[in-house]
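The next block is final38.cif, given as mmCIF, C-alpha atoms.
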```
data_upload
#
loop_
_atom_site.label_atom_id
_atom_site.label_comp_id
_atom_site.auth_asym_id
_atom_site.auth_seq_id
_atom_site.Cartn_x
_atom_site.Cartn_y
_atom_site.Cartn_z
CA MET A 276 5.74 19.01 4.69
CA ASP A 277 2.65 18.88 6.89
CA ASP A 278 2.61 19.27 10.64
CA LEU A 279 2.02 16.33 12.97
CA GLY A 280 -1.69 17.09 13.41
CA THR A 281 -2.34 17.09 9.68
CA ILE A 282 -0.32 13.91 9.16
CA THR A 283 -2.13 12.02 11.93
CA ALA A 284 -5.56 13.20 10.74
CA ARG A 285 -4.77 12.05 7.19
CA GLU A 286 -3.61 8.68 8.55
CA VAL A 287 -6.92 8.22 10.37
CA VAL A 288 -8.83 8.88 7.13
CA LEU A 289 -6.65 6.50 5.10
CA ILE A 290 -6.78 3.67 7.63
CA GLY A 291 -10.55 4.10 7.71
CA ARG A 292 -10.63 3.61 3.94
CA PHE A 293 -8.33 0.60 4.33
CA ILE A 294 -10.77 -0.96 6.81
CA GLU A 295 -13.63 -0.37 4.37
CA LEU A 296 -11.63 -2.23 1.71
CA LEU A 297 -10.92 -5.08 4.12
CA LYS A 298 -14.64 -5.38 4.85
CA GLU A 299 -15.42 -5.34 1.13
CA GLU A 300 -12.77 -8.00 0.61
CA GLN A 301 -14.32 -10.09 3.37
CA GLU A 302 -17.78 -9.85 1.79
CA THR A 303 -16.30 -10.87 -1.55
CA LEU A 304 -14.46 -13.82 0.01
CA CYS A 305 -17.71 -14.97 1.64
CA GLY A 306 -19.62 -14.62 -1.62
CA ALA A 307 -19.53 -16.68 -4.77
CA ASN A 308 -17.94 -14.08 -7.07
CA PRO A 309 -14.19 -13.55 -6.60
CA ALA A 310 -13.89 -11.22 -9.63
CA PRO A 311 -13.54 -7.98 -7.57
CA LEU A 312 -10.60 -9.33 -5.52
CA PRO A 313 -7.80 -8.11 -7.84
CA GLU A 314 -9.23 -4.58 -7.86
CA ILE A 315 -9.62 -4.61 -4.07
CA GLY A 316 -6.06 -5.89 -3.70
CA ALA A 317 -4.70 -3.13 -5.92
CA ALA A 318 -6.59 -0.48 -3.92
CA LYS A 319 -5.21 -1.94 -0.67
CA VAL A 320 -1.65 -1.79 -2.01
CA ALA A 321 -2.12 1.85 -3.02
CA LEU A 322 -3.46 2.76 0.44
CA VAL A 323 -0.60 0.94 2.18
CA GLY A 324 1.82 2.97 0.07
CA GLN A 325 0.14 6.22 1.12
CA LEU A 326 0.12 5.15 4.76
CA ASN A 327 3.83 4.32 4.59
CA GLU A 328 4.53 7.76 3.11
CA LEU A 329 2.63 9.42 5.95
CA GLU A 330 4.49 7.37 8.53
CA ASN A 331 7.78 8.50 6.98
CA GLU A 332 6.59 12.11 7.17
CA ARG A 333 5.66 11.59 10.82
CA ARG A 334 9.11 10.13 11.49
CA THR A 335 10.70 13.20 9.90
CA VAL A 336 8.57 15.61 11.94
CA LEU A 337 9.39 13.67 15.13
CA GLY A 338 13.06 13.62 14.18
CA ILE A 339 13.51 9.85 14.52
CA GLY A 340 15.45 7.41 12.38
CA SER A 341 14.18 4.29 10.67
CA GLU A 342 15.44 2.06 13.50
CA GLU A 343 13.44 3.82 16.20
CA LYS A 344 9.89 2.84 17.10
CA THR A 345 7.34 5.34 15.86
CA ARG A 346 4.84 4.47 18.56
CA SER A 347 7.17 5.21 21.48
CA ALA A 348 8.43 8.39 19.81
CA MET A 349 4.88 9.58 19.26
CA GLU A 350 3.89 8.81 22.84
CA SER A 351 6.94 10.71 24.10
CA TRP A 352 6.00 13.65 21.90
CA LEU A 353 2.45 13.63 23.27
CA VAL A 354 3.75 13.60 26.87
CA ALA A 355 5.96 16.58 26.03
CA ASN A 356 3.05 18.38 24.31
CA PRO A 357 -0.02 17.81 26.53
CA ALA A 358 -1.92 20.74 25.00
CA GLN A 359 -2.16 18.92 21.66
CA GLN A 360 -5.41 17.15 22.54
CA GLN A 361 -6.63 16.75 18.94
CA ILE A 362 -3.38 15.05 17.92
CA ALA A 363 -3.58 12.80 20.99
CA HIS A 364 -7.17 11.91 20.10
CA ASP A 365 -6.27 11.19 16.47
CA TRP A 366 -3.30 9.08 17.58
CA GLN A 367 -5.49 6.96 19.84
CA MET A 368 -8.02 6.64 17.03
CA LEU A 369 -5.25 5.60 14.65
CA LEU A 370 -4.03 2.91 17.05
CA ALA A 371 -7.57 1.54 17.50
CA LEU A 372 -8.21 1.51 13.75
CA ALA A 373 -4.85 -0.17 13.09
CA SER A 374 -5.80 -2.90 15.56
CA GLU A 375 -9.16 -3.38 13.82
CA ALA A 376 -7.44 -3.50 10.42
CA LYS A 377 -5.03 -6.14 11.68
CA GLN A 378 -7.89 -8.31 12.94
CA LEU A 379 -9.81 -7.98 9.68
CA HIS A 380 -6.68 -8.76 7.67
CA GLU A 381 -6.05 -11.91 9.71
CA LEU A 382 -9.66 -13.00 9.29
CA ASN A 383 -9.49 -12.44 5.53
CA ALA A 384 -6.23 -14.37 5.36
CA GLY A 385 -8.01 -17.26 7.09
CA LEU A 386 -10.82 -17.08 4.52
CA VAL A 387 -8.29 -17.17 1.69
CA THR A 388 -6.61 -20.19 3.29
CA LEU A 389 -9.98 -21.91 3.56
CA HIS A 390 -10.72 -21.25 -0.13
CA LEU A 391 -7.29 -22.58 -1.10
CA GLN A 392 -7.88 -25.71 0.97
CA HIS A 393 -11.26 -26.30 -0.68
CA THR A 394 -9.73 -25.76 -4.11
CA GLY A 395 -6.91 -28.16 -3.27
CA ASP A 396 -9.40 -30.75 -2.06
CA ALA A 397 -11.44 -30.40 -5.27
CA LEU A 398 -8.32 -30.78 -7.40
CA HIS A 399 -7.32 -33.84 -5.41
CA ILE A 400 -10.73 -35.41 -6.01
CA LEU A 401 -10.46 -34.69 -9.73
CA ASP A 402 -6.92 -36.06 -9.92
CA SER A 403 -7.81 -39.22 -7.99
CA ARG A 404 -10.85 -39.71 -10.21
CA ARG A 405 -8.60 -39.57 -13.26
CA ALA A 406 -6.27 -42.15 -11.67
CA THR A 407 -9.10 -44.61 -11.06
CA ASP A 408 -10.42 -44.56 -14.62
CA SER A 409 -9.95 -48.18 -15.70
CA LEU A 410 -11.82 -48.19 -19.00
CA TYR A 411 -9.97 -47.78 -22.25
CA GLY A 412 -11.30 -46.46 -25.49
CA SER A 413 -10.67 -47.84 -28.98
CA ASP A 414 -7.50 -45.73 -29.16
CA GLY A 415 -6.02 -47.40 -26.07
CA GLN A 416 -6.36 -44.27 -23.91
CA ALA A 417 -8.20 -44.16 -20.60
CA ALA A 418 -11.84 -43.27 -21.15
CA ALA A 419 -14.07 -41.56 -18.66
CA PRO A 420 -16.95 -43.65 -17.34
CA SER A 421 -20.05 -43.20 -19.44
CA GLY A 422 -22.47 -43.17 -16.56
CA SER A 423 -24.02 -46.46 -17.59
CA ARG A 424 -23.34 -49.28 -15.10
CA ILE A 425 -23.73 -51.95 -17.76
CA VAL A 426 -21.29 -50.40 -20.24
CA ASP A 427 -18.81 -49.29 -17.57
CA SER A 428 -18.59 -52.75 -16.00
CA ALA A 429 -18.02 -54.57 -19.30
#
```
Please go through the file and, once you have read it, give me the structure as structure tokens.
Amino acid sequence: MDDLGTITAREVVLIGRFIELLKEEQETLCGANPAPLPEIGAAKVALVGQLNELENERRTVLGIGSEEKTRSAMESWLVANPAQQQIAHDWQMLLALASEAKQLHELNAGLVTLHLQHTGDALHILDSRRATDSLYGSDGQAAAPSGSRIVDSA
């Protein structure tokens, strides 16, 4: 098992990669090609798994249980170990990056919601269009308008 400094430094690197993925996801959501989204999502899930493993390692090193708050335990450890400046720096960096990741995630969730709303609106338009078709073909089934005003009004 790694020491606290190594764990925190690895967390900073991983959360940095996670932020890069969130930015890539955001660019994809703003673009017209959603094809990369599944791959980005899978990479995000893998990074979250690694981050959770590191947090569990940190909990073990700090000697805290699953019900205790990691943040307060870490801050208590830093107060008790003031000479560990690099770990304190990495911890502050980790907190700032986590905040940035949360903001990006919420923004991306809003973009997904917007896309879903637009898709729902488009489906509604298509469904209502189908319901207003009043022409019938020779087989007795509703026929789509032909585009000709004369034929469609007959």
Problem set entry | Chain and number of each residue from the PyMOL selection byres ((chain A and resi 294) around 9), as number ranges by chain | A: 289-293, 295-299, 372-373, 375-376, 379-380
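On the file presented, the PyMOL selection byres ((chain A and resi 367) around 12) picks out Thr283, Ala284, Glu286, Val287, Arg346, Met349, Glu350, Leu353, Gln360, Gln361, Ile362, Ala363, His364, Asp365, Trp366, Met368, Leu369, Leu370, Ala371, Leu372, Ala373 and Ser374 of chain A.
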Exercise. Any idea what's packed within 9 Å of region 325-332 of chain A, counting all atoms listed in the file, ignoring anything in its chain fewer than 4 positions away? Could you give it as a PyMOL selection string?
Worked result: chain A and resi 276-279+282-283+285-286+289-290+320-321+336-337+341+345
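Here CA of Gln392 (chain A) and CA of Ala317 (chain A) stand 23.8 Å from one another.
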Could you give me the axis-aligned bounding box of region 280-291 of chain A, with 4 Å of padding per side, as centre plus edge lengths in Å to one decimal, as lines of an AutoDock Vina configuration file?
```
center_x = -5.4
center_y = 10.4
center_z = 9.3
size_x = 18.2
size_y = 21.4
size_z = 16.3
```
For this session: Name the residues in contact with Gln301 (chain A) at a cut-off of 12 Å, using only C-alpha atoms, excluding same-chain residues fewer than 5 positions from it; report them as a list in words.
Result: Ile294, Glu295, Leu296, Gly306, Ala307, Asn308, Pro309, Pro311, Leu312, Ile315, Gly316, Ala376, Gln378, Leu379, His380, Glu381, Leu382, Asn383, Ala384, Gly385, Leu386 and Val387 of chain A
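Taking CA of Ala318 (chain A) and CA of Gly280 (chain A) as endpoints, the distance between them is 25.2 Å.
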For this session: Could you tell me which of A:Leu389, A:Asp414, A:Asn356, A:Ser351 comes closest to Leu304 (chain A) if we count all atoms listed in the file?
Result: A:Leu389
For this session: Report the distance between CA of Gly324 (chain A) and CA of Thr303 (chain A) in Å, rounded to one decimal place.
Result: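 Those two atoms sit 22.9 Å apart.
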